[in-house]
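Participant: So that you have it, the file is input21.txt, and it contains compact mmCIF, C-alpha atoms:
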# COMPACT_ATOMS: atom_id res chain seq x y z
CA MET A 1 2.18 -45.86 10.16
CA ALA A 2 1.32 -49.31 8.79
CA THR A 3 -1.78 -49.67 6.62
CA VAL A 4 -4.77 -51.18 8.42
CA THR A 5 -7.03 -53.76 6.79
CA ALA A 6 -10.60 -52.93 7.78
CA LEU A 7 -13.79 -54.87 7.13
CA VAL A 8 -17.04 -52.88 7.10
CA THR A 9 -20.17 -55.01 7.21
CA GLY A 10 -23.10 -53.18 5.66
CA GLY A 11 -20.53 -50.98 3.96
CA ALA A 12 -22.83 -50.05 1.06
CA GLY A 13 -25.44 -48.63 3.42
CA PHE A 14 -26.03 -45.15 4.77
CA ILE A 15 -23.56 -45.08 7.67
CA GLY A 16 -21.30 -47.85 6.40
CA SER A 17 -20.55 -46.13 3.09
CA HIS A 18 -19.53 -42.91 4.82
CA LEU A 19 -17.21 -44.93 7.02
CA VAL A 20 -15.77 -46.71 3.97
CA ASP A 21 -15.08 -43.38 2.26
CA ARG A 22 -13.25 -42.08 5.29
CA LEU A 23 -11.12 -45.23 5.67
CA LEU A 24 -10.15 -45.07 2.00
CA ALA A 25 -9.29 -41.39 2.34
CA ASP A 26 -7.03 -42.31 5.26
CA GLY A 27 -5.19 -44.79 3.04
CA GLU A 28 -6.51 -47.98 4.65
CA GLU A 29 -7.29 -51.24 2.85
CA VAL A 30 -11.04 -51.67 2.96
CA ARG A 31 -13.26 -54.71 2.55
CA VAL A 32 -17.04 -54.54 2.43
CA LEU A 33 -19.52 -57.30 3.24
CA ASP A 34 -23.02 -56.42 2.06
CA ASN A 35 -26.03 -58.26 0.64
CA PHE A 36 -27.45 -55.06 -0.90
CA SER A 37 -30.85 -55.59 0.65
CA THR A 38 -30.79 -51.91 1.59
CA GLY A 39 -27.25 -50.84 0.63
CA ARG A 40 -26.56 -49.28 -2.77
CA ARG A 41 -23.77 -50.28 -5.11
CA GLU A 42 -23.29 -46.69 -6.22
CA ASN A 43 -22.26 -45.83 -2.65
CA LEU A 44 -19.10 -47.93 -3.02
CA SER A 45 -15.76 -47.03 -4.53
CA SER A 46 -14.13 -49.49 -6.91
CA ALA A 47 -11.19 -49.46 -4.50
CA VAL A 48 -12.96 -51.69 -1.98
CA ASP A 49 -12.64 -55.46 -1.87
CA LEU A 50 -16.28 -56.54 -2.04
CA TYR A 51 -17.71 -59.68 -0.43
CA GLU A 52 -21.32 -59.88 -1.59
CA GLY A 53 -23.60 -61.88 0.62
CA ASP A 54 -25.33 -62.17 3.95
CA ILE A 55 -23.97 -61.76 7.48
CA LEU A 56 -25.61 -65.12 8.28
CA ASP A 57 -23.40 -66.95 5.76
CA GLU A 58 -20.73 -68.46 8.02
CA GLU A 59 -18.28 -69.37 5.26
CA LEU A 60 -18.50 -65.97 3.57
CA VAL A 61 -18.09 -64.12 6.86
CA ARG A 62 -14.97 -66.13 7.67
CA LYS A 63 -13.48 -65.28 4.27
CA ALA A 64 -14.26 -61.60 4.69
CA VAL A 65 -12.81 -61.40 8.22
CA LYS A 66 -9.64 -63.38 7.57
CA GLY A 67 -6.65 -61.04 7.80
CA ALA A 68 -8.68 -58.02 8.89
CA ASP A 69 -7.23 -55.93 11.71
CA VAL A 70 -10.45 -54.09 12.54
CA VAL A 71 -14.08 -54.99 11.88
CA PHE A 72 -16.74 -52.26 11.79
CA HIS A 73 -20.05 -54.08 12.14
CA GLN A 74 -22.76 -51.88 10.60
CA ALA A 75 -24.87 -54.59 8.93
CA ALA A 76 -28.36 -54.90 10.42
CA LEU A 77 -32.06 -54.97 9.74
CA THR A 78 -32.91 -51.51 11.02
CA SER A 79 -36.17 -49.79 11.94
CA VAL A 80 -38.38 -50.33 14.95
CA ALA A 81 -41.47 -50.48 12.72
CA ARG A 82 -40.04 -53.19 10.47
CA SER A 83 -39.04 -55.26 13.49
CA VAL A 84 -42.60 -55.17 14.81
CA GLU A 85 -43.71 -56.62 11.47
CA GLN A 86 -40.72 -58.96 11.01
CA PRO A 87 -39.41 -59.98 14.45
CA LEU A 88 -37.84 -63.27 13.38
CA ALA A 89 -35.88 -61.81 10.47
CA THR A 90 -34.75 -58.92 12.68
CA GLY A 91 -33.52 -61.24 15.41
CA LEU A 92 -31.71 -63.57 13.02
CA THR A 93 -29.83 -60.78 11.27
CA ASN A 94 -29.09 -58.52 14.20
CA THR A 95 -28.36 -61.05 16.93
CA HIS A 96 -27.33 -64.30 15.25
CA GLY A 97 -25.58 -62.39 12.48
CA THR A 98 -23.52 -60.52 15.06
CA LEU A 99 -22.69 -63.75 16.85
CA ASN A 100 -21.57 -65.27 13.56
CA LEU A 101 -19.28 -62.31 12.97
CA LEU A 102 -17.85 -62.39 16.49
CA VAL A 103 -16.92 -66.07 16.18
CA ALA A 104 -15.20 -65.41 12.86
CA ALA A 105 -13.34 -62.38 14.24
CA ARG A 106 -12.23 -64.34 17.30
CA ASP A 107 -10.96 -67.22 15.20
CA ALA A 108 -9.20 -64.88 12.75
CA GLY A 109 -7.43 -62.96 15.50
CA ALA A 110 -8.93 -59.55 14.70
CA ARG A 111 -7.66 -56.77 16.97
CA ARG A 112 -10.92 -54.87 17.35
CA VAL A 113 -14.62 -55.23 16.54
CA VAL A 114 -16.65 -52.01 16.65
CA TYR A 115 -20.35 -52.83 16.91
CA ALA A 116 -23.15 -50.46 15.85
CA SER A 117 -25.84 -50.59 18.51
CA SER A 118 -28.78 -48.28 19.11
CA SER A 119 -30.15 -45.78 21.59
CA SER A 120 -33.46 -47.65 21.34
CA VAL A 121 -32.14 -50.13 23.92
CA TYR A 122 -32.93 -47.55 26.64
CA GLY A 123 -36.65 -47.69 25.84
CA GLY A 124 -37.33 -44.33 27.43
CA VAL A 125 -36.77 -45.55 30.98
CA GLY A 126 -34.57 -43.87 33.56
CA PRO A 127 -33.71 -40.19 33.88
CA LEU A 128 -32.44 -38.14 30.96
CA PRO A 129 -29.81 -37.86 29.71
CA SER A 130 -29.40 -41.64 29.36
CA THR A 131 -26.13 -43.06 30.68
CA GLU A 132 -24.51 -46.29 29.58
CA THR A 133 -24.76 -47.65 33.13
CA GLY A 134 -28.44 -46.76 33.43
CA PRO A 135 -31.44 -49.05 32.92
CA THR A 136 -32.36 -50.50 29.55
CA CYS A 137 -35.86 -51.56 28.49
CA PRO A 138 -36.21 -52.60 24.83
CA ARG A 139 -39.68 -51.92 23.48
CA SER A 140 -39.39 -53.60 20.08
CA PRO A 141 -37.75 -56.68 18.55
CA TYR A 142 -35.21 -54.33 16.94
CA SER A 143 -34.04 -52.83 20.23
CA ALA A 144 -34.10 -56.25 21.92
CA SER A 145 -31.88 -57.68 19.17
CA LYS A 146 -29.44 -54.80 19.50
CA LEU A 147 -29.16 -55.19 23.26
CA ALA A 148 -28.66 -58.96 22.95
CA ALA A 149 -25.82 -58.40 20.46
CA GLU A 150 -24.22 -55.90 22.84
CA GLN A 151 -24.11 -58.60 25.47
CA TYR A 152 -22.49 -61.04 23.05
CA CYS A 153 -19.80 -58.43 22.36
CA ARG A 154 -19.11 -58.05 26.08
CA VAL A 155 -18.98 -61.81 26.60
CA PHE A 156 -16.54 -62.27 23.72
CA SER A 157 -14.25 -59.66 25.24
CA GLU A 158 -14.39 -61.18 28.71
CA LEU A 159 -14.31 -64.84 27.68
CA TYR A 160 -12.12 -64.87 24.57
CA GLY A 161 -10.16 -61.64 24.77
CA LEU A 162 -11.68 -60.22 21.58
CA GLY A 163 -11.42 -56.43 21.63
CA THR A 164 -15.04 -55.31 21.19
CA VAL A 165 -16.46 -51.82 21.59
CA ALA A 166 -20.19 -51.16 21.16
CA LEU A 167 -21.57 -47.78 20.10
CA ARG A 168 -25.15 -46.76 20.83
CA TYR A 169 -26.11 -44.49 17.95
CA PHE A 170 -28.69 -41.78 18.60
CA ASN A 171 -30.87 -41.02 15.53
CA VAL A 172 -28.27 -40.69 12.82
CA TYR A 173 -29.07 -38.50 9.82
CA GLY A 174 -27.27 -37.09 6.80
CA PRO A 175 -26.56 -37.56 3.08
CA ARG A 176 -27.41 -40.96 1.54
CA GLN A 177 -30.05 -41.80 4.15
CA ALA A 178 -32.81 -43.88 2.57
CA VAL A 179 -36.05 -42.12 1.74
CA GLY A 180 -37.97 -44.48 -0.56
CA SER A 181 -39.30 -46.78 2.12
CA ALA A 182 -42.11 -47.01 4.63
CA TYR A 183 -39.37 -47.47 7.24
CA ALA A 184 -37.44 -44.32 6.35
CA ALA A 185 -36.44 -41.91 9.12
CA ALA A 186 -37.90 -38.50 9.86
CA VAL A 187 -35.21 -36.23 8.38
CA PRO A 188 -35.21 -37.49 4.76
CA LEU A 189 -38.99 -37.94 4.72
CA PHE A 190 -39.56 -34.39 5.95
CA ILE A 191 -37.14 -33.02 3.34
CA GLN A 192 -38.83 -34.94 0.55
CA ALA A 193 -42.32 -33.87 1.61
CA LEU A 194 -41.39 -30.20 1.93
CA CYS A 195 -39.57 -30.16 -1.40
CA ARG A 196 -42.63 -31.60 -3.13
CA GLY A 197 -45.14 -29.37 -1.41
CA GLU A 198 -46.72 -32.25 0.48
CA ALA A 199 -47.75 -32.40 4.11
CA PRO A 200 -45.24 -34.38 6.22
CA VAL A 201 -46.89 -37.08 8.29
CA VAL A 202 -46.00 -37.04 11.98
CA HIS A 203 -46.93 -40.01 14.15
CA GLY A 204 -47.97 -38.56 17.48
CA ASP A 205 -48.10 -34.91 18.53
CA GLY A 206 -44.59 -34.15 17.23
CA ARG A 207 -43.28 -33.16 20.64
CA GLN A 208 -41.37 -36.40 21.03
CA SER A 209 -37.66 -35.53 21.19
CA ARG A 210 -34.54 -37.10 19.71
CA ASP A 211 -30.79 -36.56 20.03
CA PHE A 212 -30.14 -36.20 16.29
CA THR A 213 -26.55 -37.05 15.31
CA PHE A 214 -24.88 -36.18 12.01
CA VAL A 215 -23.36 -39.13 10.13
CA GLU A 216 -19.91 -37.50 9.95
CA ASP A 217 -19.75 -37.53 13.75
CA VAL A 218 -20.75 -41.20 13.81
CA VAL A 219 -17.83 -42.00 11.49
CA GLU A 220 -15.46 -40.18 13.86
CA ALA A 221 -16.84 -42.19 16.77
CA ASN A 222 -16.15 -45.45 14.95
CA LEU A 223 -12.56 -44.46 14.24
CA ALA A 224 -12.09 -43.42 17.86
CA ALA A 225 -13.49 -46.76 19.05
CA ALA A 226 -11.16 -48.67 16.73
CA ASN A 227 -8.17 -47.02 18.36
CA ALA A 228 -9.47 -46.67 21.92
CA PRO A 229 -7.34 -47.86 24.86
CA PRO A 230 -7.84 -51.29 26.47
CA GLU A 231 -10.01 -49.70 29.17
CA ALA A 232 -12.75 -49.23 26.55
CA VAL A 233 -12.85 -52.88 25.50
CA GLY A 234 -16.03 -54.73 26.40
CA HIS A 235 -17.96 -51.53 27.04
CA VAL A 236 -20.73 -49.54 25.33
CA PHE A 237 -20.70 -45.83 24.53
CA ASN A 238 -23.35 -43.34 23.54
CA VAL A 239 -22.74 -41.60 20.23
CA ALA A 240 -24.69 -38.35 20.12
CA ARG A 241 -24.50 -34.60 20.58
CA GLY A 242 -25.94 -34.68 24.07
CA SER A 243 -28.93 -32.44 23.31
CA SER A 244 -32.34 -33.06 21.82
CA GLN A 245 -34.95 -31.50 19.56
CA SER A 246 -38.59 -32.36 18.99
CA LEU A 247 -39.94 -33.46 15.63
CA LEU A 248 -41.78 -30.15 15.39
CA GLU A 249 -38.52 -28.27 15.95
CA LEU A 250 -36.87 -30.42 13.29
CA LEU A 251 -39.67 -29.61 10.86
CA GLU A 252 -39.40 -25.90 11.60
CA ILE A 253 -35.66 -25.80 10.85
CA LEU A 254 -36.10 -27.76 7.63
CA SER A 255 -38.93 -25.44 6.58
CA GLN A 256 -36.63 -22.45 7.06
CA LEU A 257 -33.76 -24.07 5.16
CA LEU A 258 -36.00 -25.02 2.24
CA GLY A 259 -38.10 -21.88 2.23
CA ALA A 260 -41.21 -24.06 2.42
CA ARG A 261 -44.13 -23.96 4.81
CA VAL A 262 -46.43 -26.97 4.83
CA ASP A 263 -48.35 -27.94 7.95
CA PRO A 264 -47.87 -31.57 9.02
CA VAL A 265 -50.60 -34.18 9.19
CA HIS A 266 -50.70 -36.00 12.53
CA ARG A 267 -51.37 -39.72 12.81
CA GLU A 268 -51.50 -42.16 15.71
CA PRO A 269 -48.19 -42.97 17.48
CA ARG A 270 -46.52 -46.16 16.33
CA PRO A 271 -45.99 -49.26 18.50
CA GLY A 272 -42.56 -49.40 20.11
CA ASP A 273 -41.96 -45.65 19.87
CA VAL A 274 -40.06 -43.83 22.63
CA ARG A 275 -41.26 -40.44 23.83
CA GLN A 276 -38.01 -38.73 24.81
CA SER A 277 -34.37 -39.49 24.02
CA MET A 278 -31.14 -37.72 24.91
CA ALA A 279 -27.64 -39.05 25.59
CA ASP A 280 -25.10 -38.53 28.32
CA VAL A 281 -21.90 -38.24 26.25
CA ARG A 282 -19.26 -38.05 28.99
CA ALA A 283 -18.04 -41.64 28.72
CA ALA A 284 -17.28 -41.37 24.99
CA ARG A 285 -15.44 -38.11 25.57
CA GLU A 286 -13.37 -39.46 28.44
CA LEU A 287 -12.53 -42.97 27.19
CA LEU A 288 -12.78 -42.70 23.42
CA GLY A 289 -11.72 -39.09 23.05
CA PHE A 290 -14.83 -38.54 20.93
CA GLN A 291 -17.09 -35.52 20.91
CA ALA A 292 -19.68 -34.65 18.26
CA ARG A 293 -18.68 -31.53 16.34
CA VAL A 294 -21.46 -30.87 13.83
CA ALA A 295 -24.22 -28.59 15.14
CA PHE A 296 -27.79 -29.65 14.42
CA HIS A 297 -28.62 -26.73 12.13
CA GLU A 298 -25.37 -27.18 10.18
CA GLY A 299 -25.92 -30.91 9.79
CA LEU A 300 -29.42 -30.31 8.46
CA ARG A 301 -28.11 -27.68 6.03
CA ARG A 302 -25.60 -30.16 4.61
CA THR A 303 -28.26 -32.85 4.39
CA VAL A 304 -30.71 -30.59 2.58
CA GLU A 305 -28.05 -29.56 0.07
CA TRP A 306 -27.31 -33.21 -0.69
CA PHE A 307 -30.94 -34.28 -1.05
CA ARG A 308 -32.31 -31.32 -2.99
CA PRO A 309 -30.73 -32.05 -6.43
CA GLY A 310 -31.66 -35.74 -6.23
CA LEU A 311 -35.33 -34.97 -5.64
CA GLY A 312 -35.41 -33.39 -9.07
CA VAL A 313 -38.25 -30.95 -8.38
CA GLY A 314 -38.60 -27.53 -6.83
CA ILE A 315 -40.74 -26.96 -3.79
CA LEU A 316 -43.46 -25.31 -5.85
CA THR A 317 -43.88 -27.96 -8.52
CA GLY A 318 -45.95 -30.22 -6.33
CA GLY A 319 -44.40 -33.39 -7.70
CA LYS A 320 -46.06 -36.46 -6.18
CA VAL A 321 -44.50 -39.67 -4.93
CA PRO A 322 -46.36 -42.97 -4.64
CA GLU A 323 -45.57 -43.66 -1.00
CA GLN A 324 -47.14 -41.83 1.89
CA HIS A 325 -44.60 -39.86 3.92
CA ARG A 326 -44.25 -41.33 7.36
CA ALA A 327 -42.04 -39.83 10.06
CA HIS A 328 -41.73 -41.12 13.58
CA GLY A 329 -38.29 -40.00 14.77
CA ARG A 330 -36.65 -43.40 14.84
CA GLU A 331 -33.28 -44.39 13.53
As structure tokens, please, write out the structure in this file.
Facilitator:
Amino acid sequence: MATVTALVTGGAGFIGSHLVDRLLADGEEVRVLDNFSTGRRENLSSAVDLYEGDILDEELVRKAVKGADVVFHQAALTSVARSVEQPLATGLTNTHGTLNLLVAARDAGARRVVYASSSSVYGGVGPLPSTETGPTCPRSPYSASKLAAEQYCRVFSELYGLGTVALRYFNVYGPRQAVGSAYAAAVPLFIQALCRGEAPVVHGDGRQSRDFTFVEDVVEANLAAANAPPEAVGHVFNVARGSSQSLLELLEILSQLLGARVDPVHREPRPGDVRQSMADVRAARELLGFQARVAFHEGLRRTVEWFRPGLGVGILTGGKVPEQHRAHGRE
């Protein structure tokens, strides 16, 4: 089989770097476009062809896309909380940045663009599990920007024949997920707090539920989307396990895995938060041939094993970190 040239935007980030590793392992030629605002250089192999810069840089994006067969668009300003504080920056990067990439991919004749969207577009409306044809109701600038970019992908497929597939990720977790930020997600923050003997902070009562999805499964979904049949083009697909756990259940499993028991501290819910989230995964199974394989407990075990050495302290040492632990169950 001929070698594929793949561009991964945001390839130094959490999900993007896992995708890059898998593409390299499969023998593909890999390019990465990243401005390292959140991505880490140490996540990247020297085997990648690096284009350092911003997704808003039209000339750089055109250079990076030229000659690429498949584009995996992971670059984004993530976090609901950050988007509430920085709506303009979020919209520019996530919506205009995606449009910039789509124009470049169209002009370069790319075969497929796989776009990383978000389950937050559902906004907690409609019955659960959420289906791709059900209602959407963004509740933050982040989710609004993701939904707008989805529509651009559809339009570029219908109007210009560009083969786009959008994937709505549900609360991805796993090794390399950022922890040193006020916008970090629940899983790494809980692990860090428990390992250091600190009380995890939960915004709300902790009974809000999420369809947690291991990063390895997200990589598989991207590869399936890149090779999906024409019937999938122009459509969106949920990427999840199709079941959900509450934040309190998540904390209980992590406490068991780490052998630590620290009661959480509850704070007020955050603006833009969604109460319940769970995906209908039938469309991805039927059209993409994708089904999540990693069980929740197993994914958490792998994540804990990756994070524990890097934290550098045992659970009884009580090592302190300067930032307050905040966990709200978002992506």
Participant: Which residues come within 7 Å of Val239 of chain A, counting all atoms listed in the file, excluding same-chain residues fewer than 3 positions away, as a list in words?
Facilitator: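 Neighbouring residues, sequence-local ones excluded: Leu167, Arg168, Tyr169, Phe170, Val218, Ala221 and Val281 of chain A.
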Participant: Closest to Thr164 of chain A among A:Asn238, A:Ser246, A:Asn35, A:Thr98, using only C-alpha atoms?
Facilitator: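 Nearest to Thr164 of chain A: A:Thr98.
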Participant: So, counting only C-alpha atoms, which residue among A:Leu223, A:Ala6, A:Val172, A:Ile55 is closest to Ala68 of chain A?
Facilitator: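 Looking only at the distances to Ala68 of chain A, the closest residue turns out to be A:Ala6.
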Participant: Choose the residue, out of A:Val165, A:Ala110, A:Ala64, A:Ala148, that has the smallest atom-to-atom separation from Leu287 of chain A; count only C-alpha atoms.
Facilitator: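 Under the stated criterion, the closest residue is A:Val165.
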Participant: Can you find the residues with an atom no farther than 10 Å from (-30.3, -61.1, 16.7), counting only C-alpha atoms, and report them as a PyMOL selection string?
Facilitator: chain A and resi 76-77+87-99+141-149
Participant: Quick one, how far is atom CA of Asn222 of chain A from atom CA of Arg82 of chain A?
Facilitator: 25.5 Å
Participant: Hey, can you check how far atom CA of Ala166 of chain A sits from atom CA of Cys153 of chain A?
Facilitator: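 So the answer is 7.4 Å.
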Participant: If we count all atoms listed in the file, what is near segment 7-12 of chain A at a cut-off of 9 Å, once residues fewer than 3 positions away on the same chain are taken out, given as a PyMOL selection string?
Facilitator: chain A and resi 15-20+29-36+38-44+55+64-65+68-76
Participant: What would the file look like if the residues just selected were written as an mmCIF file, in the coordinates of the input with C-alpha atoms?
Facilitator:
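Output file out-v3.cif follows:
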data_model
loop_
_atom_site.group_PDB
_atom_site.id
_atom_site.type_symbol
_atom_site.label_atom_id
_atom_site.label_comp_id
_atom_site.auth_asym_id
_atom_site.auth_seq_id
_atom_site.Cartn_x
_atom_site.Cartn_y
_atom_site.Cartn_z
ATOM 1 C CA ILE A 15 -23.560 -45.080 7.670
ATOM 2 C CA GLY A 16 -21.300 -47.850 6.400
ATOM 3 C CA SER A 17 -20.550 -46.130 3.090
ATOM 4 C CA HIS A 18 -19.530 -42.910 4.820
ATOM 5 C CA LEU A 19 -17.210 -44.930 7.020
ATOM 6 C CA VAL A 20 -15.770 -46.710 3.970
ATOM 7 C CA GLU A 29 -7.290 -51.240 2.850
ATOM 8 C CA VAL A 30 -11.040 -51.670 2.960
ATOM 9 C CA ARG A 31 -13.260 -54.710 2.550
ATOM 10 C CA VAL A 32 -17.040 -54.540 2.430
ATOM 11 C CA LEU A 33 -19.520 -57.300 3.240
ATOM 12 C CA ASP A 34 -23.020 -56.420 2.060
ATOM 13 C CA ASN A 35 -26.030 -58.260 0.640
ATOM 14 C CA PHE A 36 -27.450 -55.060 -0.900
ATOM 15 C CA THR A 38 -30.790 -51.910 1.590
ATOM 16 C CA GLY A 39 -27.250 -50.840 0.630
ATOM 17 C CA ARG A 40 -26.560 -49.280 -2.770
ATOM 18 C CA ARG A 41 -23.770 -50.280 -5.110
ATOM 19 C CA GLU A 42 -23.290 -46.690 -6.220
ATOM 20 C CA ASN A 43 -22.260 -45.830 -2.650
ATOM 21 C CA LEU A 44 -19.100 -47.930 -3.020
ATOM 22 C CA ILE A 55 -23.970 -61.760 7.480
ATOM 23 C CA ALA A 64 -14.260 -61.600 4.690
ATOM 24 C CA VAL A 65 -12.810 -61.400 8.220
ATOM 25 C CA ALA A 68 -8.680 -58.020 8.890
ATOM 26 C CA ASP A 69 -7.230 -55.930 11.710
ATOM 27 C CA VAL A 70 -10.450 -54.090 12.540
ATOM 28 C CA VAL A 71 -14.080 -54.990 11.880
ATOM 29 C CA PHE A 72 -16.740 -52.260 11.790
ATOM 30 C CA HIS A 73 -20.050 -54.080 12.140
ATOM 31 C CA GLN A 74 -22.760 -51.880 10.600
ATOM 32 C CA ALA A 75 -24.870 -54.590 8.930
ATOM 33 C CA ALA A 76 -28.360 -54.900 10.420
#
Participant: Determine the nearest neighbour of His235 of chain A from the options A:Cys195, A:Ala295, A:Val125, A:Val155, counting only C-alpha atoms.
Facilitator: A:Val155
Participant: Between A:Val236, A:Val219, A:Leu162, A:Ala279, which one has atoms that come closest to Glu150 of chain A, using only C-alpha atoms?
Facilitator: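 For Glu150 of chain A, the nearest of the candidates is A:Val236.
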Participant: Can you list, as a PyMOL selection string, every protein, DNA or RNA residue that comes within 7 Å of Val274 of chain A when you count only C-alpha atoms, leaving out same-chain residues fewer than 2 positions away?
Facilitator: chain A and resi 123-124+272+276
Participant: Emit as lines of an AutoDock Vina configuration file the padded axis-aligned box for all listed atoms of segment 238-257 of chain A, 3 Å per side, with centre and edge lengths in Å to one decimal.
Facilitator:
center_x = -32.3
center_y = -32.9
center_z = 14.6
size_x = 25.0
size_y = 26.9
size_z = 24.9
Participant: Find the spatial neighbours of Pro230 of chain A, counting only C-alpha atoms, within a cut-off of 12 Å - ignore same-chain residues fewer than 2 positions away - and output them as a compact mmCIF listing (two decimals) with C-alpha atoms, keeping the file's coordinate frame.
Facilitator:
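result.txt, freshly written:
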# COMPACT_ATOMS: atom_id res chain seq x y z
CA ARG A 111 -7.66 -56.77 16.97
CA ARG A 112 -10.92 -54.87 17.35
CA SER A 157 -14.25 -59.66 25.24
CA GLY A 161 -10.16 -61.64 24.77
CA LEU A 162 -11.68 -60.22 21.58
CA GLY A 163 -11.42 -56.43 21.63
CA THR A 164 -15.04 -55.31 21.19
CA VAL A 165 -16.46 -51.82 21.59
CA ALA A 225 -13.49 -46.76 19.05
CA ALA A 226 -11.16 -48.67 16.73
CA ASN A 227 -8.17 -47.02 18.36
CA ALA A 228 -9.47 -46.67 21.92
CA ALA A 232 -12.75 -49.23 26.55
CA VAL A 233 -12.85 -52.88 25.50
CA GLY A 234 -16.03 -54.73 26.40
CA HIS A 235 -17.96 -51.53 27.04
CA LEU A 287 -12.53 -42.97 27.19
CA LEU A 288 -12.78 -42.70 23.42
Participant: Kindly output segment 145-163 of chain A as a compact mmCIF listing (two decimals), in the coordinates of the input, after building N, CA and C atoms.
Facilitator:
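For reference, result.txt as written:
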# COMPACT_ATOMS: atom_id res chain seq x y z
N SER A 145 -32.96 -57.01 19.91
CA SER A 145 -31.88 -57.68 19.17
C SER A 145 -30.56 -56.91 19.31
N LYS A 146 -30.64 -55.61 19.35
CA LYS A 146 -29.44 -54.80 19.50
C LYS A 146 -28.82 -54.97 20.89
N LEU A 147 -29.66 -55.01 21.90
CA LEU A 147 -29.16 -55.19 23.26
C LEU A 147 -28.56 -56.59 23.44
N ALA A 148 -29.20 -57.60 22.86
CA ALA A 148 -28.66 -58.96 22.95
C ALA A 148 -27.27 -59.03 22.30
N ALA A 149 -27.11 -58.39 21.15
CA ALA A 149 -25.82 -58.40 20.46
C ALA A 149 -24.75 -57.65 21.25
N GLU A 150 -25.15 -56.59 21.94
CA GLU A 150 -24.22 -55.90 22.84
C GLU A 150 -23.66 -56.87 23.88
N GLN A 151 -24.53 -57.66 24.43
CA GLN A 151 -24.11 -58.60 25.47
C GLN A 151 -23.16 -59.66 24.90
N TYR A 152 -23.42 -60.11 23.69
CA TYR A 152 -22.49 -61.04 23.05
C TYR A 152 -21.12 -60.40 22.88
N CYS A 153 -21.09 -59.12 22.50
CA CYS A 153 -19.80 -58.43 22.36
C CYS A 153 -19.05 -58.41 23.69
N ARG A 154 -19.75 -58.08 24.76
CA ARG A 154 -19.11 -58.05 26.08
C ARG A 154 -18.58 -59.42 26.47
N VAL A 155 -19.39 -60.45 26.25
CA VAL A 155 -18.98 -61.81 26.60
C VAL A 155 -17.74 -62.24 25.82
N PHE A 156 -17.70 -61.89 24.53
CA PHE A 156 -16.54 -62.27 23.72
C PHE A 156 -15.28 -61.55 24.15
N SER A 157 -15.42 -60.34 24.69
CA SER A 157 -14.25 -59.66 25.24
C SER A 157 -13.79 -60.32 26.53
N GLU A 158 -14.74 -60.61 27.40
CA GLU A 158 -14.39 -61.18 28.71
C GLU A 158 -13.93 -62.63 28.61
N LEU A 159 -14.57 -63.41 27.74
CA LEU A 159 -14.31 -64.84 27.68
C LEU A 159 -13.17 -65.21 26.74
N TYR A 160 -13.09 -64.50 25.60
CA TYR A 160 -12.12 -64.87 24.57
C TYR A 160 -11.04 -63.82 24.32
N GLY A 161 -11.16 -62.68 24.97
CA GLY A 161 -10.16 -61.64 24.77
C GLY A 161 -10.30 -60.87 23.47
N LEU A 162 -11.45 -60.97 22.80
CA LEU A 162 -11.68 -60.22 21.58
C LEU A 162 -11.97 -58.76 21.93
N GLY A 163 -11.29 -57.85 21.29
CA GLY A 163 -11.42 -56.43 21.63
C GLY A 163 -12.66 -55.79 21.03
